[in-house]
file upload.cif (mmCIF, C-alpha atoms)
data_coords
loop_
_atom_site.label_atom_id
_atom_site.label_comp_id
_atom_site.auth_asym_id
_atom_site.auth_seq_id
_atom_site.Cartn_x
_atom_site.Cartn_y
_atom_site.Cartn_z
CA MET G 1 4.16 -15.65 63.36
CA LYS G 2 4.90 -17.51 60.18
CA ARG G 3 1.22 -17.46 59.29
CA LEU G 4 1.03 -13.71 59.92
CA SER G 5 4.05 -13.18 57.70
CA LEU G 6 2.40 -15.21 54.96
CA ILE G 7 -0.82 -13.22 55.24
CA LEU G 8 1.12 -9.96 55.11
CA SER G 9 2.98 -11.18 52.02
CA LEU G 10 -0.28 -12.05 50.32
CA ILE G 11 -1.72 -8.65 51.15
CA VAL G 12 1.37 -6.93 49.77
CA ALA G 13 1.30 -9.13 46.65
CA ALA G 14 -2.37 -8.38 46.09
CA GLY G 15 -1.67 -4.72 46.49
CA VAL G 16 1.14 -4.88 43.96
CA VAL G 17 -1.08 -6.70 41.46
CA ALA G 18 -3.82 -4.14 41.90
CA TRP G 19 -1.43 -1.25 41.64
CA THR G 20 0.77 -2.48 38.76
CA PRO G 21 -1.45 -1.86 35.69
CA ALA G 22 -1.93 1.76 36.53
CA MET G 23 1.75 2.39 37.09
CA ALA G 24 3.19 -0.02 34.54
CA GLY G 25 2.10 1.85 31.49
CA SER G 26 -0.50 3.72 29.54
CA TRP G 27 -1.72 4.08 25.97
CA ARG G 28 0.44 6.47 24.01
CA ASP G 29 -0.01 7.79 20.48
CA LEU G 30 2.50 6.49 17.97
CA THR G 31 1.22 7.92 14.69
CA GLN G 32 -1.96 8.91 12.89
CA LYS G 33 -3.12 8.52 9.30
CA THR G 34 -6.22 9.65 7.46
CA VAL G 35 -8.19 8.20 4.61
CA SER G 36 -10.56 10.31 2.52
CA VAL G 37 -13.61 8.76 0.95
CA THR G 38 -15.46 10.39 -1.95
CA VAL G 39 -19.18 9.76 -2.13
CA THR G 40 -21.03 10.38 -5.39
CA VAL G 41 -24.78 10.25 -4.91
CA THR G 42 -26.54 9.48 -8.17
CA PRO G 43 -30.31 9.12 -7.94
CA SER G 44 -30.69 7.59 -11.38
CA PRO G 45 -28.51 6.68 -14.33
CA ILE G 46 -27.42 9.77 -16.20
CA VAL G 47 -28.18 9.81 -19.88
CA TYR G 48 -26.21 12.69 -21.23
CA VAL G 49 -25.29 13.73 -24.71
CA PRO G 50 -23.95 17.20 -25.40
CA ARG G 51 -26.49 18.86 -27.62
CA THR G 52 -24.22 20.34 -30.22
CA VAL G 53 -22.30 17.21 -31.12
CA ALA G 54 -25.22 14.80 -30.90
CA GLN G 55 -27.53 16.99 -32.91
CA ALA G 56 -24.88 17.45 -35.52
CA VAL G 57 -24.77 13.69 -35.89
CA ARG G 58 -28.55 13.47 -36.21
CA HIS G 59 -28.56 16.40 -38.62
CA PRO G 60 -25.59 15.78 -40.86
CA ALA G 61 -24.09 18.69 -42.71
CA PRO G 62 -25.80 19.56 -46.04
CA HIS G 63 -24.29 18.30 -49.23
CA PRO G 64 -22.00 20.64 -51.19
CA GLU G 65 -24.74 21.46 -53.66
CA VAL G 66 -26.77 22.87 -50.82
CA PHE G 67 -23.90 25.16 -49.95
CA ALA G 68 -23.66 26.08 -53.60
CA ARG G 69 -27.18 27.40 -53.50
CA LEU G 70 -26.10 29.55 -50.56
CA ASN G 71 -29.36 29.07 -48.80
CA PRO G 72 -28.75 29.87 -45.12
CA ALA G 73 -32.13 28.48 -44.17
CA LEU G 74 -30.82 24.99 -44.85
CA LEU G 75 -28.20 25.36 -42.17
CA SER G 76 -29.05 25.07 -38.52
CA ALA G 77 -27.24 26.01 -35.36
CA TYR G 78 -26.53 22.34 -34.81
CA HIS G 79 -24.00 22.41 -37.57
CA MET G 80 -21.90 24.97 -35.79
CA VAL G 81 -20.03 22.80 -33.32
CA ALA G 82 -17.44 24.74 -31.38
CA VAL G 83 -14.88 22.82 -29.35
CA THR G 84 -11.43 23.75 -28.15
CA GLN G 85 -8.94 22.18 -25.72
CA GLY G 86 -6.04 23.03 -23.43
CA THR G 87 -3.75 21.09 -21.09
CA VAL G 88 -2.50 21.56 -17.53
CA PRO G 89 0.53 19.45 -16.57
CA VAL G 90 0.56 18.12 -13.00
CA THR G 91 3.54 16.56 -11.27
CA MET G 92 4.52 15.30 -7.80
CA ASN G 93 7.60 13.86 -6.18
CA VAL G 94 6.44 11.06 -3.88
CA GLN G 95 8.52 10.56 -0.73
CA ALA G 96 8.45 7.57 1.57
CA ASP G 97 6.58 7.91 4.83
CA PRO G 98 9.00 7.05 7.67
CA THR G 99 6.11 6.11 9.97
CA SER G 100 4.38 3.83 7.47
CA MET G 101 6.16 0.85 9.02
CA TYR G 102 3.86 1.32 12.01
CA LEU G 103 0.63 2.44 10.37
CA HIS G 104 -0.55 2.95 6.83
CA ILE G 105 -3.70 2.73 4.80
CA ILE G 106 -4.06 0.89 1.53
CA SER G 107 -6.82 2.40 -0.58
CA ASN G 108 -8.79 -0.08 -2.63
CA ASN G 109 -12.02 1.68 -3.45
CA THR G 110 -12.47 5.10 -1.91
CA ILE G 111 -14.70 6.47 -4.70
CA LEU G 112 -18.12 5.33 -3.59
CA ASN G 113 -20.98 5.61 -6.06
CA ALA G 114 -24.18 5.50 -4.08
CA GLY G 115 -27.90 5.38 -4.64
CA TYR G 116 -30.51 6.35 -2.08
CA GLY G 117 -30.86 3.91 0.78
CA ALA G 118 -28.22 1.51 2.03
CA ASN G 119 -25.05 0.83 0.04
CA THR G 120 -22.20 -1.45 1.08
CA TYR G 121 -18.58 -1.55 -0.09
CA ALA G 122 -16.44 -4.56 0.73
CA CYS G 123 -12.85 -3.82 1.70
CA ALA G 124 -12.98 -0.17 0.67
CA TYR G 125 -9.53 0.12 2.20
CA SER G 126 -7.16 -1.76 4.47
CA VAL G 127 -5.40 -0.60 7.60
CA TYR G 128 -1.94 -1.97 8.40
CA ALA G 129 -0.59 -1.64 11.94
CA PHE G 130 2.46 -2.77 13.85
CA SER G 131 4.27 -1.90 17.06
CA PRO G 132 7.03 -3.44 19.20
CA TYR G 133 4.62 -3.09 22.12
CA LEU G 134 1.01 -4.07 22.69
CA TRP G 135 -0.99 -1.83 20.38
CA ARG G 136 -4.46 -0.77 19.32
CA VAL G 137 -5.93 1.24 16.44
CA MET G 138 -8.59 3.85 17.12
CA ASP G 139 -10.68 5.79 14.62
CA TRP G 140 -12.88 8.87 14.44
CA VAL G 141 -14.19 11.23 11.83
CA TYR G 142 -11.51 13.77 10.92
CA GLY G 143 -12.42 17.28 11.99
CA SER G 144 -15.30 16.20 14.18
CA SER G 145 -16.01 17.43 17.69
CA THR G 146 -18.90 17.71 20.05
CA SER G 147 -19.69 21.20 18.80
CA GLY G 148 -18.93 21.05 15.09
CA SER G 149 -21.16 21.02 12.05
CA LEU G 150 -19.73 18.55 9.56
CA PRO G 151 -21.94 17.80 6.56
CA PHE G 152 -23.21 14.54 5.08
CA PRO G 153 -22.20 11.75 5.22
CA THR G 154 -20.48 11.76 8.62
CA PHE G 155 -22.10 14.79 10.24
CA ASN G 156 -21.06 15.73 13.73
CA TYR G 157 -22.04 14.60 17.19
CA SER G 158 -24.85 14.39 18.22
CA LEU G 159 -26.13 13.42 14.79
CA LYS G 160 -25.36 9.85 13.83
CA SER G 161 -22.97 9.30 10.93
CA ASP G 162 -24.53 7.88 7.77
CA LEU G 163 -21.21 6.22 7.02
CA ALA G 164 -20.55 3.03 9.01
CA TRP G 165 -17.68 0.56 9.19
CA LEU G 166 -17.01 -3.10 9.78
CA ALA G 167 -13.52 -4.52 10.36
CA GLU G 168 -13.38 -7.87 8.60
CA THR G 169 -12.49 -10.80 10.92
CA VAL G 170 -12.75 -8.43 13.89
CA THR G 171 -16.32 -7.10 14.03
CA THR G 172 -19.52 -8.54 12.61
CA THR G 173 -21.90 -5.61 12.41
CA TYR G 174 -21.66 -2.15 10.90
CA ALA G 175 -21.13 0.68 13.37
CA PRO G 176 -21.49 4.40 12.54
CA PHE G 177 -18.15 6.20 12.66
CA VAL G 178 -17.59 8.08 15.89
CA ASN G 179 -17.96 11.76 15.03
CA SER G 180 -17.20 13.51 18.28
CA GLY G 181 -13.44 13.72 17.76
CA SER G 182 -10.53 12.10 19.59
CA PRO G 183 -10.00 9.54 21.14
CA GLY G 184 -12.69 7.81 19.08
CA GLU G 185 -13.36 4.09 19.13
CA GLN G 186 -11.24 0.96 19.05
CA VAL G 187 -11.07 -0.76 15.65
CA PHE G 188 -8.63 -3.63 16.24
CA THR G 189 -5.66 -4.55 18.42
CA GLY G 190 -2.42 -6.49 18.17
CA ALA G 191 0.24 -8.09 20.32
CA ALA G 192 3.75 -6.74 20.62
CA ASN G 193 5.92 -7.27 17.55
CA THR G 194 3.04 -8.49 15.42
CA ASN G 195 1.45 -6.77 12.48
CA ARG G 196 -2.07 -7.00 11.14
CA THR G 197 -3.73 -5.79 7.96
CA ILE G 198 -7.47 -5.46 8.31
CA CYS G 199 -9.99 -4.82 5.54
CA ILE G 200 -12.53 -2.15 6.35
CA ASP G 201 -15.98 -2.59 4.81
CA LEU G 202 -18.12 0.51 4.54
CA GLN G 203 -21.84 0.98 4.60
CA LEU G 204 -23.37 4.24 3.42
CA THR G 205 -27.01 5.10 3.97
CA VAL G 206 -28.17 7.98 1.78
CA PRO G 207 -31.32 9.68 3.08
CA SER G 208 -33.87 10.92 0.58
CA ASN G 209 -33.28 14.55 1.51
CA ILE G 210 -29.67 14.53 0.30
CA PRO G 211 -29.28 16.10 -3.16
CA ALA G 212 -27.35 14.21 -5.81
CA GLY G 213 -23.73 15.33 -5.87
CA THR G 214 -20.22 14.68 -4.62
CA TYR G 215 -19.40 14.51 -0.91
CA SER G 216 -16.33 13.63 1.10
CA ALA G 217 -15.59 12.00 4.42
CA THR G 218 -12.20 11.69 6.05
CA ILE G 219 -11.45 9.20 8.78
CA THR G 220 -8.50 9.40 11.17
CA TYR G 221 -6.76 6.21 12.30
CA ASP G 222 -4.64 6.51 15.41
CA LEU G 223 -2.09 3.86 16.40
CA GLN G 224 -1.47 3.69 20.13
CA PHE G 225 0.96 1.47 21.99
CA TYR G 226 0.89 0.39 25.61
CA TYR G 227 4.06 1.15 27.53
CA MET X 1 -62.77 86.08 -62.72
CA ASN X 2 -63.29 82.87 -64.53
CA ALA X 3 -60.01 83.41 -66.36
CA LYS X 4 -58.18 83.84 -63.00
CA ARG X 5 -59.74 80.66 -61.64
CA GLY X 6 -58.72 78.85 -64.80
CA ILE X 7 -55.08 79.95 -64.42
CA LEU X 8 -54.99 78.91 -60.72
CA ALA X 9 -56.47 75.54 -61.57
CA SER X 10 -53.85 75.09 -64.29
CA PHE X 11 -51.03 75.75 -61.78
CA ILE X 12 -52.47 73.21 -59.33
CA VAL X 13 -52.82 70.57 -62.01
CA ALA X 14 -49.27 71.28 -63.21
CA ALA X 15 -47.97 71.00 -59.67
CA LEU X 16 -49.76 67.71 -59.11
CA LEU X 17 -48.43 66.34 -62.36
CA ALA X 18 -44.91 67.37 -61.42
CA THR X 19 -45.24 65.62 -58.04
CA THR X 20 -46.58 62.45 -59.62
CA ALA X 21 -43.85 62.42 -62.20
CA GLY X 22 -41.18 62.75 -59.43
CA ALA X 23 -42.62 59.86 -57.46
CA GLY X 24 -42.54 57.72 -60.50
CA ARG X 25 -38.76 58.11 -60.79
CA ALA X 26 -37.93 56.97 -57.19
CA ALA X 27 -36.90 53.22 -56.67
CA VAL X 28 -38.46 52.06 -53.42
CA GLY X 29 -38.34 48.43 -52.28
CA SER X 30 -36.96 45.97 -49.66
CA VAL X 31 -34.36 43.18 -49.50
CA LYS X 32 -34.59 40.19 -47.17
CA ALA X 33 -31.20 39.48 -45.67
CA THR X 34 -30.71 36.33 -43.57
CA TRP X 35 -27.51 35.00 -42.02
CA LYS X 36 -26.19 32.65 -39.38
CA THR X 37 -23.71 33.96 -36.88
CA ALA X 38 -20.90 31.42 -36.44
CA VAL X 39 -20.26 30.35 -32.88
CA ILE X 40 -16.96 31.64 -31.66
CA ILE X 41 -15.41 30.04 -28.60
CA SER X 42 -11.91 30.16 -27.23
CA MET X 43 -10.34 29.04 -23.97
CA SER X 44 -7.11 29.79 -22.18
CA LEU X 45 -5.66 27.93 -19.20
CA THR X 46 -3.40 29.56 -16.64
CA PRO X 47 -1.63 27.28 -14.13
CA ASN X 48 -0.57 28.91 -10.84
CA PHE X 49 -2.80 31.82 -11.70
CA GLN X 50 -2.39 34.04 -8.69
CA THR X 51 -0.11 34.85 -5.78
CA GLY X 52 -0.36 32.24 -3.06
CA TYR X 53 -0.43 29.25 -5.39
CA GLY X 54 1.09 26.01 -4.15
CA PRO X 55 0.52 23.02 -1.89
CA THR X 56 -0.56 22.87 1.75
CA GLY X 57 -1.12 19.87 4.02
CA GLY X 58 0.89 16.73 4.61
CA PRO X 59 3.27 16.22 7.53
CA ALA X 60 5.45 18.99 8.93
CA SER X 61 8.45 17.70 7.04
CA PRO X 62 9.16 18.19 4.22
CA THR X 63 7.48 21.57 4.29
CA PRO X 64 4.91 21.74 1.49
CA ALA X 65 6.10 24.04 -1.30
CA PRO X 66 5.69 24.26 -5.08
CA GLY X 67 8.19 22.14 -6.95
CA PRO X 68 10.75 23.49 -9.41
CA SER X 69 8.46 23.12 -12.43
CA ALA X 70 5.91 25.57 -11.07
CA ALA X 71 6.04 29.21 -12.16
CA PRO X 72 3.75 32.19 -11.67
CA SER X 73 0.99 32.09 -14.29
CA GLY X 74 2.58 29.13 -16.02
CA GLY X 75 4.60 25.97 -15.73
CA TYR X 76 3.34 22.85 -14.01
CA VAL X 77 1.03 22.35 -11.11
CA ASP X 78 3.98 20.94 -9.20
CA PHE X 79 3.13 19.55 -5.78
CA GLY X 80 6.83 19.22 -5.02
CA LYS X 81 7.78 16.65 -2.39
CA VAL X 82 4.72 14.85 -1.07
CA VAL X 83 4.66 12.04 1.46
CA GLN X 84 2.85 8.73 1.05
CA GLY X 85 -0.44 8.52 2.89
CA TYR X 86 -1.14 12.25 3.21
CA ASN X 87 -3.59 14.71 1.69
CA TYR X 88 -2.54 17.98 0.06
CA LEU X 89 -4.35 20.98 -1.36
CA TYR X 90 -2.76 22.93 -4.21
CA ARG X 91 -4.26 26.41 -4.08
CA ASP X 92 -4.93 28.37 -7.27
CA ALA X 93 -3.79 25.48 -9.42
CA ALA X 94 -5.41 26.52 -12.69
CA GLN X 95 -7.75 29.14 -14.06
CA VAL X 96 -10.00 28.52 -17.03
CA SER X 97 -10.94 31.55 -19.13
CA VAL X 98 -13.54 31.22 -21.88
CA LEU X 99 -14.76 33.66 -24.52
CA THR X 100 -17.88 32.87 -26.52
CA ASN X 101 -20.64 34.67 -28.36
CA ASP X 102 -22.96 31.68 -27.97
CA SER X 103 -26.03 32.93 -26.15
CA SER X 104 -26.52 29.43 -24.72
CA GLY X 105 -23.11 29.53 -23.05
CA PHE X 106 -20.66 26.65 -22.80
CA GLN X 107 -19.57 23.61 -20.83
CA VAL X 108 -16.03 22.81 -19.72
CA PHE X 109 -14.89 19.21 -19.21
CA ALA X 110 -11.62 18.00 -17.72
CA GLU X 111 -10.03 14.55 -17.77
CA GLY X 112 -6.63 13.05 -17.25
CA SER X 113 -4.99 11.97 -20.48
CA SER X 114 -3.64 8.96 -18.56
CA ASP X 115 -2.90 7.81 -15.04
CA PHE X 116 0.04 9.38 -13.25
CA GLN X 117 3.16 8.19 -15.04
CA SER X 118 6.73 7.84 -13.82
CA VAL X 119 9.91 7.00 -15.62
CA SER X 120 11.14 4.60 -12.96
CA ASN X 121 8.15 3.21 -11.12
CA GLY X 122 5.21 2.60 -13.44
CA THR X 123 1.86 4.31 -13.14
CA TRP X 124 -0.45 5.34 -10.35
CA PRO X 125 -4.23 5.83 -10.73
CA ILE X 126 -5.32 9.41 -11.17
CA GLY X 127 -8.97 8.73 -10.28
CA THR X 128 -8.27 8.05 -6.61
CA THR X 129 -5.41 10.52 -6.31
CA LEU X 130 -6.08 13.86 -8.02
CA PHE X 131 -9.24 15.85 -7.34
CA TRP X 132 -10.56 19.32 -8.23
CA LEU X 133 -12.67 21.90 -6.47
CA PRO X 134 -13.44 25.55 -7.26
CA THR X 135 -10.91 27.92 -5.75
CA ASN X 136 -11.91 29.13 -2.32
CA THR X 137 -9.81 30.28 0.62
CA SER X 138 -11.80 27.97 2.91
CA ASN X 139 -10.72 24.84 1.00
CA THR X 140 -8.62 22.30 2.91
CA PRO X 141 -6.82 19.08 1.98
CA PHE X 142 -9.94 17.30 3.26
CA SER X 143 -12.66 19.37 1.57
CA ALA X 144 -15.19 17.62 -0.64
CA ALA X 145 -13.70 17.39 -4.12
CA VAL X 146 -14.33 15.62 -7.41
CA PRO X 147 -11.84 13.17 -8.93
CA PHE X 148 -10.21 13.67 -12.30
CA GLU X 149 -10.83 10.51 -14.29
CA LYS X 150 -8.52 8.92 -16.79
CA THR X 151 -10.08 9.40 -20.22
CA SER X 152 -11.34 6.43 -22.17
CA ALA X 153 -11.19 8.37 -25.46
CA MET X 154 -8.29 8.55 -27.89
CA VAL X 155 -5.35 10.63 -26.72
CA THR X 156 -3.37 12.63 -29.25
CA GLY X 157 -0.15 14.58 -29.07
CA SER X 158 2.20 14.62 -26.12
CA GLY X 159 3.46 16.89 -23.38
CA THR X 160 1.64 20.18 -23.08
CA SER X 161 0.09 19.65 -26.51
CA THR X 162 -1.67 16.49 -25.33
CA GLY X 163 -5.27 16.36 -26.53
CA ILE X 164 -8.25 14.03 -26.41
CA THR X 165 -10.37 13.15 -29.44
CA TYR X 166 -13.93 12.51 -28.39
CA GLY X 167 -16.45 10.70 -30.53
CA ALA X 168 -19.94 11.84 -31.38
CA GLY X 169 -21.04 11.52 -27.78
CA GLY X 170 -18.56 14.15 -26.66
CA PRO X 171 -16.86 14.18 -23.29
CA PRO X 172 -18.52 12.12 -20.53
CA SER X 173 -20.86 13.96 -18.18
CA SER X 174 -18.73 12.84 -15.23
CA ALA X 175 -15.97 15.11 -16.55
CA LEU X 176 -18.09 18.26 -16.46
CA ILE X 177 -16.46 20.88 -14.25
CA TRP X 178 -18.19 24.10 -15.31
CA ALA X 179 -21.41 25.00 -17.07
CA TYR X 180 -21.94 28.64 -18.07
CA PRO X 181 -25.39 29.64 -19.30
CA SER X 182 -24.83 32.66 -21.56
CA SER X 183 -22.56 34.57 -23.88
CA THR X 184 -19.48 36.10 -22.30
CA VAL X 185 -19.62 39.19 -24.50
CA GLY X 186 -19.81 42.21 -22.27
CA LEU X 187 -17.87 40.69 -19.38
CA SER X 188 -14.48 42.09 -18.46
CA GLY X 189 -12.26 41.18 -21.42
CA ASN X 190 -15.34 39.44 -22.84
CA MET X 191 -14.25 36.38 -20.86
CA ALA X 192 -15.66 34.28 -18.04
CA ASN X 193 -13.06 33.03 -15.55
CA GLN X 194 -13.10 30.20 -13.02
CA GLY X 195 -10.23 29.14 -10.78
CA TYR X 196 -9.65 25.65 -9.46
CA ASP X 197 -7.72 24.16 -6.57
CA TYR X 198 -6.34 20.65 -6.92
CA GLN X 199 -6.42 18.13 -4.10
CA LEU X 200 -3.99 15.22 -3.78
CA ARG X 201 -5.03 12.19 -1.76
CA LEU X 202 -1.93 10.07 -1.78
CA SER X 203 -2.29 6.45 -0.78
CA GLY X 204 0.14 4.96 1.70
CA SER X 205 1.10 2.43 -0.96
CA ALA X 206 1.98 4.95 -3.68
CA PRO X 207 5.44 4.20 -5.12
CA VAL X 208 8.31 6.54 -4.36
CA ALA X 209 8.93 8.29 -7.67
CA GLN X 210 8.36 11.45 -9.70
CA PHE X 211 4.92 11.23 -11.30
CA THR X 212 3.36 13.39 -14.01
CA VAL X 213 -0.04 13.55 -15.68
CA TYR X 214 -1.68 15.93 -18.15
CA VAL X 215 -5.17 17.18 -17.44
CA VAL X 216 -6.98 18.05 -20.66
CA TYR X 217 -9.69 20.70 -20.56
CA THR X 218 -12.30 20.75 -23.30
CA VAL X 219 -14.79 23.56 -23.79
CA VAL X 220 -17.93 22.94 -25.83
CA ALA X 221 -20.44 25.57 -26.88
CA THR X 222 -23.95 24.66 -25.80
#
call {"tool": "encode", "arguments": {"input": "upload.cif", "output": "structure tokens"}}
result
Amino acid sequence: MKRLSLILSLIVAAGVVAWTPAMAGSWRDLTQKTVSVTVTVTPSPIVYVPRTVAQAVRHPAPHPEVFARLNPALLSAYHMVAVTQGTVPVTMNVQADPTSMYLHIISNNTILNAGYGANTYACAYSVYAFSPYLWRVMDWVYGSSTSGSLPFPTFNYSLKSDLAWLAETVTTTYAPFVNSGSPGEQVFTGAANTNRTICIDLQLTVPSNIPAGTYSATITYDLQFYY
Amino acid sequence: MNAKRGILASFIVAALLATTAGAGRAAVGSVKATWKTAVIISMSLTPNFQTGYGPTGGPASPTPAPGPSAAPSGGYVDFGKVVQGYNYLYRDAAQVSVLTNDSSGFQVFAEGSSDFQSVSNGTWPIGTTLFWLPTNTSNTPFSAAVPFEKTSAMVTGSGTSTGITYGAGGPPSSALIWAYPSSTVGLSGNMANQGYDYQLRLSGSAPVAQFTVYVVYTVVAT
């Protein structure tokens, strides 16, 4: 009888253990942040000099005696440099983010100058996360879904993103950003009441069919806690 | 008969002589006139240039709205209260209007005269914070946009009369925002117009303060 009771207790205990994780809690969203990355594709160094100013330097204005002779043929269009300016004032009143104590992004280098082929950017930005409970940070390409049509560099599922990430001290290889929307992929995790700041390295592969120009990618980071 | 012929011939000769004498009194000739037409170019800037201007994006609170320094067709591009770590789009931020008789057109460049500056909390980089894109109703706080760079040239003046003095090389190519290929004569008001939205990508580590910067537009005839 005692042995039967023990066996029953073990069965009940095993059942409780098996049942507990599902009932004890689940991953819940705490807050989300985005980071926008600007990609400037430059196929070759730009050598640019505005024609009017540069030519005026190479063709200095005639001496006064030339003007005195009033010979228009000695003047060229290069001497007629026309420039004018104006100003637009811009202002903003920055407010604190009440949720930044849980998740925020520190931008280090989000203007990425890229040539064709593979380009890497160490610690383009850092992600800070904290929660009183067990937590994890997920990411995905902002605005992506399984039926969207986002452009270069992240594209949309089922195309593979040309922008990839590596979380320093957490992952060791570059992975293309998930571009099929929420819930995305896990970036890093943390224990309850601990914070972590992780550098994100980026790798951008520019295919040869992409015209030179400026492009943008925005990544969503989602902090979830387990409760 | 011969006498009649002689009189007729005399009249013809007299008439011919009279015609020849008249031609000899006329002064006929040509003058070669050459000139150079001076290039005329002027530009006007209109902040908040049409109804619907102002910021969108950010969190639900505070509700995005133009700040107190913004005014219709004037004032500041005032993002108002913006929250660290969020993106904003300021619609219809500024319109550039250019008049020129240069048949080769013009180029417009834009740069920040400095980084964002505050009275109480230092500066904040403009190059990773303030971006531009041509006005379009489909623009969002996350649309592709080009950063305004802080100029490396000499800044003159202050406030709304802030200017930039470029050397012989002119403004940097990275500051080019608009290239127009022909004269504007014949357009409505003889001017070409282009509107711009501004995009704010505010880092989570931006200091809490009121920040201001002056964006200087330079138009150069080409």
call {"tool": "interface_residues", "arguments": {"input": "upload.cif", "of": "chain X", "to": "chain G", "cutoff": "6 Å", "atoms": "only C-alpha atoms", "output": "PyMOL selection string"}}
result
chain X and resi 76-84+144+160+168-169+204-205+208-221
call {"tool": "atom_distance", "arguments": {"input": "upload.cif", "atom1": "CA of Leu204 in chain G", "atom2": "CA of Glu111 in chain X"}}
result
27.1 Å
call {"tool": "residues_near_point", "arguments": {"input": "upload.cif", "point": "(-6.1, -2.7, 18.3)", "cutoff": "8 Å", "atoms": "only C-alpha atoms", "output": "VMD selection string"}}
result
chain G and resid 135 to 138 186 to 190 223
call {"tool": "resolve_selection", "arguments": {"input": "upload.cif", "expression": "the PyMOL selection byres ((chain G and resi 192-202) around 9)", "output": "number ranges by chain"}}
result
G: 102, 119-135, 163-170, 174, 188-191, 203-204, 225
call {"tool": "resolve_selection", "arguments": {"input": "upload.cif", "expression": "the PyMOL selection byres ((chain X and resi 190) around 12)", "output": "number ranges by chain"}}
result
X: 40-43, 97-101, 182-189, 191-193
call {"tool": "resolve_selection", "arguments": {"input": "upload.cif", "expression": "the PyMOL selection byres ((chain X and resi 125) around 12)", "output": "ChimeraX atom specification"}}
result
/G:107-109 /X:112-118,122-124,126-131,147-151,200-203,205-207,211-213
call {"tool": "atom_distance", "arguments": {"input": "upload.cif", "atom1": "CA of Gly181 in chain G", "atom2": "CA of Leu30 in chain G"}}
result
17.5 Å
call {"tool": "atom_distance", "arguments": {"input": "upload.cif", "atom1": "CA of Tyr198 in chain X", "atom2": "CA of Val108 in chain X"}}
result
16.2 Å
call {"tool": "residues_near_point", "arguments": {"input": "upload.cif", "point": "(0.8, 20.7, 7.5)", "cutoff": "12 Å", "atoms": "all atoms listed in the file", "output": "list of chain:residue names"}}
result
X:Pro55, X:Thr56, X:Gly57, X:Gly58, X:Pro59, X:Ala60, X:Ser61, X:Pro62, X:Thr63, X:Pro64, X:Ala65, X:Val82, X:Val83, X:Tyr86, X:Asn87, X:Tyr88, X:Leu89, X:Thr140, X:Pro141
call {"tool": "residues_around", "arguments": {"input": "upload.cif", "residues": "range 94-96 of chain X", "least_positions_apart": "6", "cutoff": "7 Å", "atoms": "only C-alpha atoms", "output": "NGL selection string"}}
result
:X and (43-49 or 193-197)
call {"tool": "closest_residue", "arguments": {"input": "upload.cif", "among": "G:Pro183, G:Ile210, G:Val178, G:Ser158", "to": "Arg28 in chain G", "atoms": "only C-alpha atoms"}}
result
G:Pro183
call {"tool": "closest_residue", "arguments": {"input": "upload.cif", "among": "X:Ser152, X:Tyr180, X:Gly105, X:Phe142", "to": "Gly167 in chain X", "atoms": "all atoms listed in the file"}}
result
X:Ser152
call {"tool": "decode", "arguments": {"input": "upload.cif", "residues": "range 31-41 of chain X", "atoms": "N, CA and C atoms", "output": "compact mmCIF listing (two decimals), in the first residue's frame"}}
result
# COMPACT_ATOMS: atom_id res chain seq x y z
N VAL X 31 25.47 96.37 -88.87
CA VAL X 31 26.24 96.52 -87.64
C VAL X 31 26.23 95.17 -86.92
N LYS X 32 27.37 94.72 -86.47
CA LYS X 32 27.45 93.46 -85.73
C LYS X 32 27.30 93.76 -84.24
N ALA X 33 26.23 93.27 -83.66
CA ALA X 33 26.00 93.48 -82.24
C ALA X 33 26.18 92.15 -81.51
N THR X 34 27.04 92.09 -80.52
CA THR X 34 27.20 90.88 -79.71
C THR X 34 27.00 91.25 -78.25
N TRP X 35 26.47 90.31 -77.47
CA TRP X 35 26.27 90.56 -76.04
C TRP X 35 26.23 89.23 -75.31
N LYS X 36 26.41 89.30 -74.01
CA LYS X 36 26.27 88.15 -73.14
C LYS X 36 25.09 88.41 -72.21
N THR X 37 24.18 87.49 -72.15
CA THR X 37 23.07 87.63 -71.24
C THR X 37 23.50 87.16 -69.86
N ALA X 38 23.41 88.02 -68.86
CA ALA X 38 23.80 87.65 -67.50
C ALA X 38 22.84 86.60 -66.95
N VAL X 39 23.41 85.65 -66.23
CA VAL X 39 22.57 84.62 -65.62
C VAL X 39 21.84 85.21 -64.42
N ILE X 40 20.56 85.06 -64.45
CA ILE X 40 19.75 85.51 -63.32
C ILE X 40 19.25 84.28 -62.59
N ILE X 41 19.40 84.24 -61.30
CA ILE X 41 18.86 83.11 -60.53
C ILE X 41 18.42 83.62 -59.16
